[in-house]
$ cat structure29.pdb   # PDB, C-alpha atoms, pLDDT in the B column
ATOM      1  CA  MET L   1      -9.648  -7.197   6.521  1.00 90.00           C
ATOM      2  CA  ARG L   2     -11.521  -3.916   6.464  1.00 97.00           C
ATOM      3  CA  ALA L   3      -8.901  -2.114   4.383  1.00 98.00           C
ATOM      4  CA  LEU L   4      -9.129  -4.769   1.674  1.00 98.00           C
ATOM      5  CA  ASP L   5     -12.918  -4.588   1.695  1.00 98.00           C
ATOM      6  CA  PHE L   6     -12.625  -0.835   1.152  1.00 98.00           C
ATOM      7  CA  LEU L   7     -10.172  -1.251  -1.746  1.00 98.00           C
ATOM      8  CA  HIS L   8     -12.310  -3.856  -3.471  1.00 98.00           C
ATOM      9  CA  ALA L   9     -15.515  -1.831  -3.097  1.00 98.00           C
ATOM     10  CA  PHE L  10     -13.730   1.282  -4.366  1.00 98.00           C
ATOM     11  CA  ALA L  11     -12.484  -0.582  -7.446  1.00 98.00           C
ATOM     12  CA  ARG L  12     -15.938  -1.931  -8.169  1.00 98.00           C
ATOM     13  CA  ARG L  13     -17.723   1.403  -7.785  1.00 98.00           C
ATOM     14  CA  ARG L  14     -15.351   3.251 -10.104  1.00 97.00           C
ATOM     15  CA  ALA L  15     -15.236   0.590 -12.842  1.00 97.00           C
ATOM     16  CA  PRO L  16     -17.657   0.818 -15.775  1.00 97.00           C
ATOM     17  CA  ARG L  17     -17.330  -2.947 -16.245  1.00 97.00           C
ATOM     18  CA  GLU L  18     -16.723  -5.869 -13.902  1.00 98.00           C
ATOM     19  CA  VAL L  19     -16.368  -9.509 -14.883  1.00 97.00           C
ATOM     20  CA  PRO L  20     -15.879 -12.564 -12.662  1.00 97.00           C
ATOM     21  CA  VAL L  21     -12.520 -14.370 -12.709  1.00 97.00           C
ATOM     22  CA  PRO L  22     -11.292 -17.380 -10.723  1.00 96.00           C
ATOM     23  CA  GLY L  23     -11.080 -16.332  -7.069  1.00 97.00           C
ATOM     24  CA  GLY L  24     -12.171 -12.755  -7.672  1.00 98.00           C
ATOM     25  CA  PHE L  25     -13.115 -10.247 -10.356  1.00 98.00           C
ATOM     26  CA  ALA L  26     -11.686  -8.027 -13.068  1.00 98.00           C
ATOM     27  CA  VAL L  27     -12.347  -4.286 -13.333  1.00 98.00           C
ATOM     28  CA  LEU L  28     -12.253  -2.749 -16.800  1.00 97.00           C
ATOM     29  CA  ASP L  29     -12.446   0.776 -18.184  1.00 96.00           C
ATOM     30  CA  ASP L  30     -12.172   0.944 -21.961  1.00 93.00           C
ATOM     31  CA  ARG L  31     -11.741   4.731 -21.846  1.00 93.00           C
ATOM     32  CA  PHE L  32      -8.272   4.313 -20.335  1.00 93.00           C
ATOM     33  CA  PRO L  33      -6.795   1.144 -21.883  1.00 92.00           C
ATOM     34  CA  GLY L  34      -3.256   2.102 -20.859  1.00 89.00           C
ATOM     35  CA  SER L  35      -4.147   2.468 -17.162  1.00 94.00           C
ATOM     36  CA  TYR L  36      -3.091  -0.613 -15.243  1.00 96.00           C
ATOM     37  CA  ASP L  37      -5.083   0.392 -12.179  1.00 96.00           C
ATOM     38  CA  ASP L  38      -8.295   0.697 -14.171  1.00 97.00           C
ATOM     39  CA  ASN L  39      -7.847  -2.617 -16.003  1.00 98.00           C
ATOM     40  CA  LYS L  40      -6.772  -5.481 -13.769  1.00 98.00           C
ATOM     41  CA  LEU L  41      -7.713  -8.723 -12.053  1.00 98.00           C
ATOM     42  CA  ILE L  42      -8.269  -8.736  -8.292  1.00 98.00           C
ATOM     43  CA  VAL L  43      -7.971 -12.106  -6.554  1.00 98.00           C
ATOM     44  CA  ARG L  44      -8.670 -12.786  -2.891  1.00 95.00           C
ATOM     45  CA  THR L  45      -9.341 -16.549  -2.702  1.00 96.00           C
ATOM     46  CA  ALA L  46      -7.598 -19.547  -4.242  1.00 94.00           C
ATOM     47  CA  PRO L  47      -9.146 -20.678  -7.539  1.00 89.00           C
ATOM     48  CA  ASP L  48      -7.357 -24.028  -7.134  1.00 87.00           C
ATOM     49  CA  ASP L  49      -5.550 -25.855  -4.326  1.00 85.00           C
ATOM     50  CA  ASP L  50      -2.432 -26.349  -6.458  1.00 93.00           C
ATOM     51  CA  PRO L  51      -0.513 -23.053  -6.938  1.00 94.00           C
ATOM     52  CA  ALA L  52       0.662 -23.926 -10.451  1.00 94.00           C
ATOM     53  CA  ALA L  53      -2.852 -24.859 -11.542  1.00 95.00           C
ATOM     54  CA  ALA L  54      -4.275 -21.728  -9.901  1.00 96.00           C
ATOM     55  CA  VAL L  55      -1.808 -19.472 -11.712  1.00 97.00           C
ATOM     56  CA  ALA L  56      -2.539 -21.228 -15.006  1.00 96.00           C
ATOM     57  CA  ARG L  57      -6.222 -20.421 -14.577  1.00 96.00           C
ATOM     58  CA  LEU L  58      -5.430 -16.817 -13.663  1.00 97.00           C
ATOM     59  CA  LEU L  59      -3.125 -16.396 -16.662  1.00 97.00           C
ATOM     60  CA  ALA L  60      -5.897 -17.597 -18.937  1.00 97.00           C
ATOM     61  CA  ALA L  61      -8.406 -15.298 -17.221  1.00 98.00           C
ATOM     62  CA  ALA L  62      -6.033 -12.329 -17.603  1.00 98.00           C
ATOM     63  CA  ASP L  63      -5.610 -13.040 -21.319  1.00 97.00           C
ATOM     64  CA  GLU L  64      -9.366 -13.238 -21.751  1.00 97.00           C
ATOM     65  CA  ALA L  65     -10.296 -10.170 -19.699  1.00 97.00           C
ATOM     66  CA  LEU L  66      -7.391  -7.970 -20.829  1.00 97.00           C
ATOM     67  CA  GLY L  67      -6.965  -9.384 -24.323  1.00 93.00           C
ATOM     68  CA  SER L  68      -7.117  -5.999 -26.087  1.00 89.00           C
ATOM     69  CA  HIS L  69      -4.766  -4.307 -23.616  1.00 93.00           C
ATOM     70  CA  GLY L  70      -1.011  -4.094 -23.774  1.00 92.00           C
ATOM     71  CA  HIS L  71      -0.583  -5.321 -20.225  1.00 96.00           C
ATOM     72  CA  ARG L  72      -1.654  -8.040 -17.824  1.00 98.00           C
ATOM     73  CA  LEU L  73      -2.031  -7.156 -14.136  1.00 98.00           C
ATOM     74  CA  VAL L  74      -3.140  -9.675 -11.518  1.00 98.00           C
ATOM     75  CA  CYS L  75      -3.463  -8.405  -7.936  1.00 98.00           C
ATOM     76  CA  VAL L  76      -3.497 -11.166  -5.307  1.00 98.00           C
ATOM     77  CA  ASP L  77      -4.767  -9.667  -2.066  1.00 98.00           C
ATOM     78  CA  ASP L  78      -3.965 -12.631   0.158  1.00 97.00           C
ATOM     79  CA  ASP L  79      -0.359 -12.693   1.364  1.00 97.00           C
ATOM     80  CA  ARG L  80      -0.138 -16.470   1.617  1.00 97.00           C
ATOM     81  CA  LEU L  81      -1.520 -17.004  -1.880  1.00 97.00           C
ATOM     82  CA  GLY L  82       0.608 -14.260  -3.409  1.00 97.00           C
ATOM     83  CA  THR L  83       3.764 -15.755  -1.950  1.00 97.00           C
ATOM     84  CA  ALA L  84       2.796 -19.234  -3.158  1.00 97.00           C
ATOM     85  CA  TYR L  85       1.931 -18.011  -6.667  1.00 97.00           C
ATOM     86  CA  ALA L  86       5.075 -15.913  -7.181  1.00 98.00           C
ATOM     87  CA  PRO L  87       7.298 -18.629  -8.761  1.00 97.00           C
ATOM     88  CA  ALA L  88       4.674 -19.622 -11.342  1.00 97.00           C
ATOM     89  CA  PHE L  89       3.980 -16.003 -12.285  1.00 98.00           C
ATOM     90  CA  ALA L  90       7.724 -15.387 -12.636  1.00 98.00           C
ATOM     91  CA  ALA L  91       8.019 -18.390 -14.936  1.00 97.00           C
ATOM     92  CA  ALA L  92       5.267 -16.863 -17.089  1.00 97.00           C
ATOM     93  CA  GLY L  93       7.237 -13.618 -17.457  1.00 97.00           C
ATOM     94  CA  TYR L  94       5.443 -11.519 -14.845  1.00 98.00           C
ATOM     95  CA  GLU L  95       7.163  -8.985 -12.589  1.00 98.00           C
ATOM     96  CA  HIS L  96       6.303  -9.201  -8.889  1.00 98.00           C
ATOM     97  CA  GLU L  97       5.622  -6.294  -6.534  1.00 98.00           C
ATOM     98  CA  THR L  98       4.738  -6.574  -2.861  1.00 98.00           C
ATOM     99  CA  ASN L  99       2.708  -3.827  -1.222  1.00 98.00           C
ATOM    100  CA  LEU L 100       2.057  -3.049   2.420  1.00 98.00           C
ATOM    101  CA  LEU L 101      -1.303  -2.118   3.871  1.00 98.00           C
ATOM    102  CA  MET L 102      -0.486   0.410   6.599  1.00 98.00           C
ATOM    103  CA  ALA L 103      -2.913   1.777   9.209  1.00 98.00           C
ATOM    104  CA  PHE L 104      -2.462   5.028  11.105  1.00 98.00           C
ATOM    105  CA  ARG L 105      -1.885   4.362  14.813  1.00 97.00           C
ATOM    106  CA  GLY L 106      -0.204   7.606  15.860  1.00 95.00           C
ATOM    107  CA  PRO L 107      -1.494  10.724  17.591  1.00 94.00           C
ATOM    108  CA  VAL L 108      -3.787  12.932  15.528  1.00 91.00           C
ATOM    109  CA  PRO L 109      -1.913  16.093  14.458  1.00 92.00           C
ATOM    110  CA  ARG L 110      -3.052  19.245  16.220  1.00 88.00           C
ATOM    111  CA  ASP L 111      -3.934  22.369  14.251  1.00 88.00           C
ATOM    112  CA  PRO L 112      -1.909  21.681  11.098  1.00 91.00           C
ATOM    113  CA  ALA L 113      -1.950  24.077   8.175  1.00 89.00           C
ATOM    114  CA  PRO L 114      -4.818  22.996   5.899  1.00 89.00           C
ATOM    115  CA  ALA L 115      -4.148  21.470   2.507  1.00 93.00           C
ATOM    116  CA  GLU L 116      -5.596  23.122  -0.574  1.00 96.00           C
ATOM    117  CA  ARG L 117      -8.450  21.238  -2.212  1.00 97.00           C
ATOM    118  CA  LEU L 118      -7.877  20.818  -5.944  1.00 97.00           C
ATOM    119  CA  GLU L 119     -10.741  20.724  -8.415  1.00 96.00           C
ATOM    120  CA  LEU L 120     -10.447  18.683 -11.586  1.00 97.00           C
ATOM    121  CA  PRO L 121      -9.896  21.616 -13.993  1.00 96.00           C
ATOM    122  CA  GLU L 122      -6.749  22.519 -12.056  1.00 95.00           C
ATOM    123  CA  LEU L 123      -5.680  19.002 -11.082  1.00 96.00           C
ATOM    124  CA  ILE L 124      -5.698  17.402 -14.537  1.00 97.00           C
ATOM    125  CA  PRO L 125      -3.034  19.768 -15.999  1.00 95.00           C
ATOM    126  CA  VAL L 126      -0.876  19.071 -12.927  1.00 94.00           C
ATOM    127  CA  LEU L 127      -1.261  15.334 -13.509  1.00 96.00           C
ATOM    128  CA  ARG L 128      -0.355  15.752 -17.187  1.00 96.00           C
ATOM    129  CA  ARG L 129       2.764  17.674 -16.179  1.00 93.00           C
ATOM    130  CA  ASP L 130       3.862  15.047 -13.659  1.00 93.00           C
ATOM    131  CA  TRP L 131       3.167  12.070 -15.958  1.00 95.00           C
ATOM    132  CA  ARG L 132       5.043  13.759 -18.805  1.00 95.00           C
ATOM    133  CA  ARG L 133       8.087  14.169 -16.560  1.00 92.00           C
ATOM    134  CA  THR L 134       7.800  10.531 -15.478  1.00 92.00           C
ATOM    135  CA  LEU L 135       7.176   9.134 -18.995  1.00 93.00           C
ATOM    136  CA  PRO L 136       8.947  11.540 -21.371  1.00 95.00           C
ATOM    137  CA  GLN L 137       8.657   9.194 -24.381  1.00 95.00           C
ATOM    138  CA  ALA L 138       4.965   8.317 -23.969  1.00 92.00           C
ATOM    139  CA  PRO L 139       2.470   9.471 -26.636  1.00 92.00           C
ATOM    140  CA  ASP L 140       0.274  12.423 -25.729  1.00 94.00           C
ATOM    141  CA  ALA L 141      -2.830  10.202 -25.768  1.00 92.00           C
ATOM    142  CA  VAL L 142      -1.326   7.960 -23.088  1.00 91.00           C
ATOM    143  CA  ILE L 143      -0.385  10.930 -20.904  1.00 95.00           C
ATOM    144  CA  ASP L 144      -3.867  12.409 -21.290  1.00 95.00           C
ATOM    145  CA  GLY L 145      -5.507   9.099 -20.332  1.00 93.00           C
ATOM    146  CA  LEU L 146      -3.328   8.705 -17.254  1.00 94.00           C
ATOM    147  CA  ALA L 147      -4.301  12.218 -16.160  1.00 96.00           C
ATOM    148  CA  ARG L 148      -8.011  11.977 -16.936  1.00 96.00           C
ATOM    149  CA  ARG L 149      -8.553   8.607 -15.274  1.00 96.00           C
ATOM    150  CA  VAL L 150      -8.746  10.554 -12.005  1.00 96.00           C
ATOM    151  CA  GLU L 151     -12.307  11.449 -13.010  1.00 95.00           C
ATOM    152  CA  SER L 152     -13.453   7.874 -12.355  1.00 95.00           C
ATOM    153  CA  ARG L 153     -12.231   8.024  -8.762  1.00 96.00           C
ATOM    154  CA  LEU L 154     -15.095  10.373  -7.922  1.00 96.00           C
ATOM    155  CA  ARG L 155     -17.396   7.331  -8.039  1.00 96.00           C
ATOM    156  CA  GLY L 156     -15.237   5.207  -5.757  1.00 97.00           C
ATOM    157  CA  ALA L 157     -16.303   6.460  -2.321  1.00 98.00           C
ATOM    158  CA  GLY L 158     -18.852   8.624  -0.569  1.00 97.00           C
ATOM    159  CA  SER L 159     -16.258  11.382  -0.191  1.00 98.00           C
ATOM    160  CA  VAL L 160     -13.397  11.836  -2.670  1.00 98.00           C
ATOM    161  CA  GLY L 161     -11.043  14.789  -2.405  1.00 97.00           C
ATOM    162  CA  PHE L 162      -7.867  15.819  -4.209  1.00 98.00           C
ATOM    163  CA  HIS L 163      -5.470  17.899  -2.139  1.00 98.00           C
ATOM    164  CA  GLY L 164      -2.173  19.681  -2.582  1.00 97.00           C
ATOM    165  CA  VAL L 165       0.403  21.977  -1.021  1.00 96.00           C
ATOM    166  CA  ARG L 166       1.956  24.782  -3.034  1.00 95.00           C
ATOM    167  CA  ALA L 167       5.569  25.859  -3.141  1.00 95.00           C
ATOM    168  CA  PRO L 168       6.460  29.566  -2.925  1.00 94.00           C
ATOM    169  CA  ASP L 169       6.623  29.662  -6.731  1.00 93.00           C
ATOM    170  CA  GLY L 170       2.907  28.838  -6.839  1.00 93.00           C
ATOM    171  CA  GLU L 171       3.309  25.352  -8.272  1.00 93.00           C
ATOM    172  CA  ILE L 172       1.657  22.318  -6.653  1.00 95.00           C
ATOM    173  CA  ALA L 173       4.665  20.770  -4.916  1.00 95.00           C
ATOM    174  CA  THR L 174       2.947  17.707  -3.510  1.00 96.00           C
ATOM    175  CA  ARG L 175      -0.503  16.178  -3.914  1.00 98.00           C
ATOM    176  CA  ALA L 176      -2.598  13.256  -2.694  1.00 98.00           C
ATOM    177  CA  ASP L 177      -6.108  11.829  -2.803  1.00 98.00           C
ATOM    178  CA  LEU L 178      -8.310  11.280   0.238  1.00 98.00           C
ATOM    179  CA  TYR L 179     -11.192   8.804   0.038  1.00 98.00           C
ATOM    180  CA  ALA L 180     -13.699   8.204   2.840  1.00 98.00           C
ATOM    181  CA  HIS L 181     -16.618   5.781   3.064  1.00 98.00           C
ATOM    182  CA  ASP L 182     -18.488   4.176   5.979  1.00 97.00           C
ATOM    183  CA  GLY L 183     -15.934   5.093   8.642  1.00 98.00           C
ATOM    184  CA  VAL L 184     -12.829   4.213   6.602  1.00 98.00           C
ATOM    185  CA  ALA L 185     -10.423   6.724   5.052  1.00 98.00           C
ATOM    186  CA  GLN L 186      -7.681   5.996   2.532  1.00 98.00           C
ATOM    187  CA  ILE L 187      -4.826   8.322   1.589  1.00 98.00           C
ATOM    188  CA  GLU L 188      -3.715   7.495  -1.939  1.00 98.00           C
ATOM    189  CA  SER L 189      -1.539   8.718  -4.824  1.00 97.00           C
ATOM    190  CA  VAL L 190       0.873  10.711  -2.669  1.00 97.00           C
ATOM    191  CA  PHE L 191       3.304  12.401  -5.060  1.00 97.00           C
ATOM    192  CA  THR L 192       5.916  15.110  -4.707  1.00 95.00           C
ATOM    193  CA  GLY L 193       7.556  16.625  -7.769  1.00 91.00           C
ATOM    194  CA  GLU L 194      11.299  16.070  -7.962  1.00 90.00           C
ATOM    195  CA  PRO L 195      12.244  19.765  -7.554  1.00 91.00           C
ATOM    196  CA  TYR L 196      10.295  19.891  -4.277  1.00 94.00           C
ATOM    197  CA  ARG L 197      11.409  16.702  -2.564  1.00 94.00           C
ATOM    198  CA  GLY L 198      13.089  16.784   0.824  1.00 94.00           C
ATOM    199  CA  LYS L 199      11.602  20.169   1.730  1.00 95.00           C
ATOM    200  CA  GLY L 200       8.758  19.115   4.032  1.00 96.00           C
ATOM    201  CA  TYR L 201       5.867  19.494   1.592  1.00 97.00           C
ATOM    202  CA  ALA L 202       4.791  15.849   1.781  1.00 97.00           C
ATOM    203  CA  ARG L 203       4.852  15.896   5.584  1.00 96.00           C
ATOM    204  CA  ALA L 204       2.730  19.058   5.610  1.00 96.00           C
ATOM    205  CA  LEU L 205       0.192  17.463   3.294  1.00 97.00           C
ATOM    206  CA  MET L 206       0.044  14.165   5.168  1.00 98.00           C
ATOM    207  CA  THR L 207      -0.375  15.989   8.484  1.00 97.00           C
ATOM    208  CA  ALA L 208      -3.283  17.979   7.057  1.00 97.00           C
ATOM    209  CA  LEU L 209      -4.987  14.870   5.651  1.00 98.00           C
ATOM    210  CA  LEU L 210      -4.572  12.934   8.897  1.00 97.00           C
ATOM    211  CA  ALA L 211      -6.173  15.785  10.811  1.00 96.00           C
ATOM    212  CA  GLU L 212      -9.032  15.949   8.305  1.00 96.00           C
ATOM    213  CA  SER L 213      -9.592  12.182   8.685  1.00 96.00           C
ATOM    214  CA  ALA L 214      -9.415  12.172  12.479  1.00 94.00           C
ATOM    215  CA  GLY L 215     -13.008  10.980  12.880  1.00 93.00           C
ATOM    216  CA  ALA L 216     -12.535   7.843  10.791  1.00 97.00           C
ATOM    217  CA  GLU L 217     -12.479   4.443  12.476  1.00 97.00           C
ATOM    218  CA  LEU L 218      -9.618   3.370  10.179  1.00 98.00           C
ATOM    219  CA  ILE L 219      -7.134   5.486   8.231  1.00 98.00           C
ATOM    220  CA  PHE L 220      -4.896   3.514   5.904  1.00 98.00           C
ATOM    221  CA  LEU L 221      -2.688   3.673   2.829  1.00 98.00           C
ATOM    222  CA  VAL L 222      -0.857   1.296   0.518  1.00 98.00           C
ATOM    223  CA  ALA L 223       2.948   1.477   0.216  1.00 98.00           C
ATOM    224  CA  ASP L 224       5.499  -0.340  -1.916  1.00 97.00           C
ATOM    225  CA  ALA L 225       7.292  -2.808   0.351  1.00 97.00           C
ATOM    226  CA  ASP L 226      10.612  -2.163  -1.424  1.00 95.00           C
ATOM    227  CA  ASP L 227      10.549   1.633  -1.619  1.00 94.00           C
ATOM    228  CA  TRP L 228      11.608   4.297   0.870  1.00 94.00           C
ATOM    229  CA  PRO L 229       8.203   6.019   1.459  1.00 95.00           C
ATOM    230  CA  ARG L 230       7.151   3.167   3.758  1.00 96.00           C
ATOM    231  CA  HIS L 231       9.730   4.431   6.270  1.00 97.00           C
ATOM    232  CA  PHE L 232       8.358   7.969   5.948  1.00 97.00           C
ATOM    233  CA  TYR L 233       4.851   6.680   6.663  1.00 98.00           C
ATOM    234  CA  SER L 234       6.118   4.732   9.668  1.00 97.00           C
ATOM    235  CA  ARG L 235       7.599   7.903  11.136  1.00 97.00           C
ATOM    236  CA  LEU L 236       4.198   9.569  10.738  1.00 97.00           C
ATOM    237  CA  GLY L 237       2.542   6.825  12.816  1.00 97.00           C
ATOM    238  CA  PHE L 238       1.504   4.185  10.272  1.00 98.00           C
ATOM    239  CA  GLU L 239       1.919   0.484  11.093  1.00 98.00           C
ATOM    240  CA  GLN L 240       1.772  -2.533   8.829  1.00 98.00           C
ATOM    241  CA  LEU L 241      -1.546  -4.388   8.679  1.00 97.00           C
ATOM    242  CA  GLY L 242      -0.761  -6.909   5.968  1.00 97.00           C
ATOM    243  CA  ARG L 243       0.705  -7.475   2.533  1.00 98.00           C
ATOM    244  CA  THR L 244      -0.692  -7.778  -0.991  1.00 98.00           C
ATOM    245  CA  HIS L 245       0.939  -8.882  -4.226  1.00 98.00           C
ATOM    246  CA  ALA L 246       0.783  -7.578  -7.798  1.00 98.00           C
ATOM    247  CA  PHE L 247       1.967  -9.486 -10.854  1.00 98.00           C
ATOM    248  CA  LEU L 248       2.502  -7.452 -14.025  1.00 98.00           C
ATOM    249  CA  ARG L 249       3.474  -8.308 -17.590  1.00 98.00           C
ATOM    250  CA  THR L 250       3.887  -5.625 -20.237  1.00 94.00           C
TER     251      THR L 250
END

$ encode --input "structure29.pdb" --output "structure tokens"
Amino acid sequence: MRALDFLHAFARRRAPREVPVPGGFAVLDDRFPGSYDDNKLIVRTAPDDDPAAAVARLLAAADEALGSHGHRLVCVDDDRLGTAYAPAFAAAGYEHETNLLMAFRGPVPRDPAPAERLELPELIPVLRRDWRRTLPQAPDAVIDGLARRVESRLRGAGSVGFHGVRAPDGEIATRADLYAHDGVAQIESVFTGEPYRGKGYARALMTALLAESAGAELIFLVADADDWPRHFYSRLGFEQLGRTHAFLRT
């Protein structure tokens, strides 16, 4: 699937270190040890025909690759395998999340208001603010790492942009990333601050990004299968392409 190829290439390009694991690879960034997305296993093929044996090998690989980290994250990007592996991961104490790959199939928006492009010196304080609100008890070093990891995304694709829409008070109300490479565009990290939700800011931003990406052969995003934004994306014209699975232990 082209969307999966894009995600895997993006992860590889941004990671300072990559190591092979059964059925896939691990990406590692020692600068941000608390970032799950920067330190994880990505699996696309079965390392063993027996699901229990396959999960046992992946658990061992996760312990080896992520041994110094406080988490274990294994992303299984094949729906059939992820479904088959879920019971064994649950028995090992892992939480299970299912995500949807969604492709834009709607009409391209006409003449939307443009989104503001955010440079890193302005974006990183906004990310610190939002992570602090989300994780009020987290140490400052963790919050700073979660904000600064955005710097590595600049290596992930040929074009990487950070965009936002401001509220009348001047604050960034909603923000998102836009990555483009070889005819594929991904919209990622869509976030609206709690005081600004339900006021149309996210729709304005998404409309602007869809118009900016109109020349791409594929525009896609990843949505939590159990959370409400997937319905919002459907109303914008996104349709499900497939499913992926993430198994997390903290």

$ closest_residue --input "structure29.pdb" --among "L:Phe10, L:Arg132, L:Ala103, L:Gln137" --to "Ser159 of chain L" --atoms "only C-alpha atoms"
L:Phe10

$ resolve_selection --input "structure29.pdb" --expression "the PyMOL selection byres ((chain L and resi 183) around 6)" --output "PDB file with C-alpha atoms, keeping the file's coordinate frame"
ATOM      1  CA  HIS L 181     -16.618   5.781   3.064  1.00 98.00           C
ATOM      2  CA  ASP L 182     -18.488   4.176   5.979  1.00 97.00           C
ATOM      3  CA  VAL L 184     -12.829   4.213   6.602  1.00 98.00           C
ATOM      4  CA  ALA L 216     -12.535   7.843  10.791  1.00 97.00           C
ATOM      5  CA  GLU L 217     -12.479   4.443  12.476  1.00 97.00           C
TER       6      GLU L 217
END

$ resolve_selection --input "structure29.pdb" --expression "the PyMOL selection byres ((chain L and resi 204) around 12)" --output "ChimeraX atom specification"
/L:109,111-116,163-167,173-176,190,192,198-203,205-211,236

$ resolve_selection --input "structure29.pdb" --expression "the PyMOL selection byres ((chain L and resi 69) around 12)" --output "PyMOL selection string"
chain L and resi 28-36+38-40+62-68+70-73+249-250

$ residues_around --input "structure29.pdb" --residues "segment 78-91 of chain L" --least-positions-apart "4" --cutoff "6 Å" --atoms "all atoms listed in the file" --output "ChimeraX atom specification"
/L:44,51-52,243-245

$ atom_distance --input "structure29.pdb" --atom1 "atom CA of Phe104 of chain L" --atom2 "atom CA of Ile219 of chain L"
5.5 Å

$ closest_residue --input "structure29.pdb" --among "L:Arg105, L:Glu171, L:Ala180, L:Ala53" --to "Glu122 of chain L" --atoms "all atoms listed in the file"
L:Glu171

$ closest_residue --input "structure29.pdb" --among "L:Leu101, L:Gly156, L:Asp48, L:Val74" --to "Leu221 of chain L" --atoms "all atoms listed in the file"
L:Leu101

$ atom_distance --input "structure29.pdb" --atom1 "atom CA of Leu241 of chain L" --atom2 "atom CA of Ala3 of chain L"
8.8 Å

$ build_atoms --input "structure29.pdb" --residues "segment 77-82 of chain L" --atoms "all heavy atoms" --output "compact mmCIF listing (two decimals), in the frame of the given file"
# COMPACT_ATOMS: atom_id res chain seq x y z
N ASP L 77 -4.65 -10.40 -3.33
CA ASP L 77 -4.77 -9.67 -2.07
C ASP L 77 -4.82 -10.58 -0.85
O ASP L 77 -5.42 -10.24 0.17
CB ASP L 77 -5.99 -8.75 -2.11
CG ASP L 77 -5.77 -7.57 -3.04
OD1 ASP L 77 -4.62 -7.31 -3.41
OD2 ASP L 77 -6.76 -6.91 -3.41
N ASP L 78 -4.19 -11.72 -0.97
CA ASP L 78 -3.96 -12.63 0.16
C ASP L 78 -2.47 -12.92 0.19
O ASP L 78 -1.91 -13.43 -0.79
CB ASP L 78 -4.78 -13.92 -0.02
CG ASP L 78 -4.56 -14.91 1.10
OD1 ASP L 78 -3.49 -15.55 1.12
OD2 ASP L 78 -5.46 -15.05 1.94
N ASP L 79 -1.82 -12.59 1.29
CA ASP L 79 -0.36 -12.69 1.36
C ASP L 79 0.12 -14.13 1.15
O ASP L 79 1.09 -14.37 0.42
CB ASP L 79 0.12 -12.16 2.72
CG ASP L 79 1.64 -12.04 2.80
OD1 ASP L 79 2.29 -11.99 1.75
OD2 ASP L 79 2.16 -12.01 3.93
N ARG L 80 -0.56 -15.08 1.75
CA ARG L 80 -0.14 -16.47 1.62
C ARG L 80 -0.24 -16.93 0.17
O ARG L 80 0.68 -17.55 -0.37
CB ARG L 80 -1.01 -17.36 2.52
CG ARG L 80 -0.65 -18.84 2.46
CD ARG L 80 -1.62 -19.66 3.29
NE ARG L 80 -2.99 -19.55 2.82
CZ ARG L 80 -3.48 -20.28 1.80
NH1 ARG L 80 -2.71 -21.15 1.15
NH2 ARG L 80 -4.74 -20.13 1.42
N LEU L 81 -1.35 -16.60 -0.49
CA LEU L 81 -1.52 -17.00 -1.88
C LEU L 81 -0.51 -16.30 -2.78
O LEU L 81 0.08 -16.92 -3.67
CB LEU L 81 -2.94 -16.69 -2.34
CG LEU L 81 -4.08 -17.47 -1.69
CD1 LEU L 81 -5.41 -17.02 -2.26
CD2 LEU L 81 -3.90 -18.97 -1.88
N GLY L 82 -0.33 -15.00 -2.57
CA GLY L 82 0.61 -14.26 -3.41
C GLY L 82 2.02 -14.82 -3.32
O GLY L 82 2.72 -14.94 -4.34
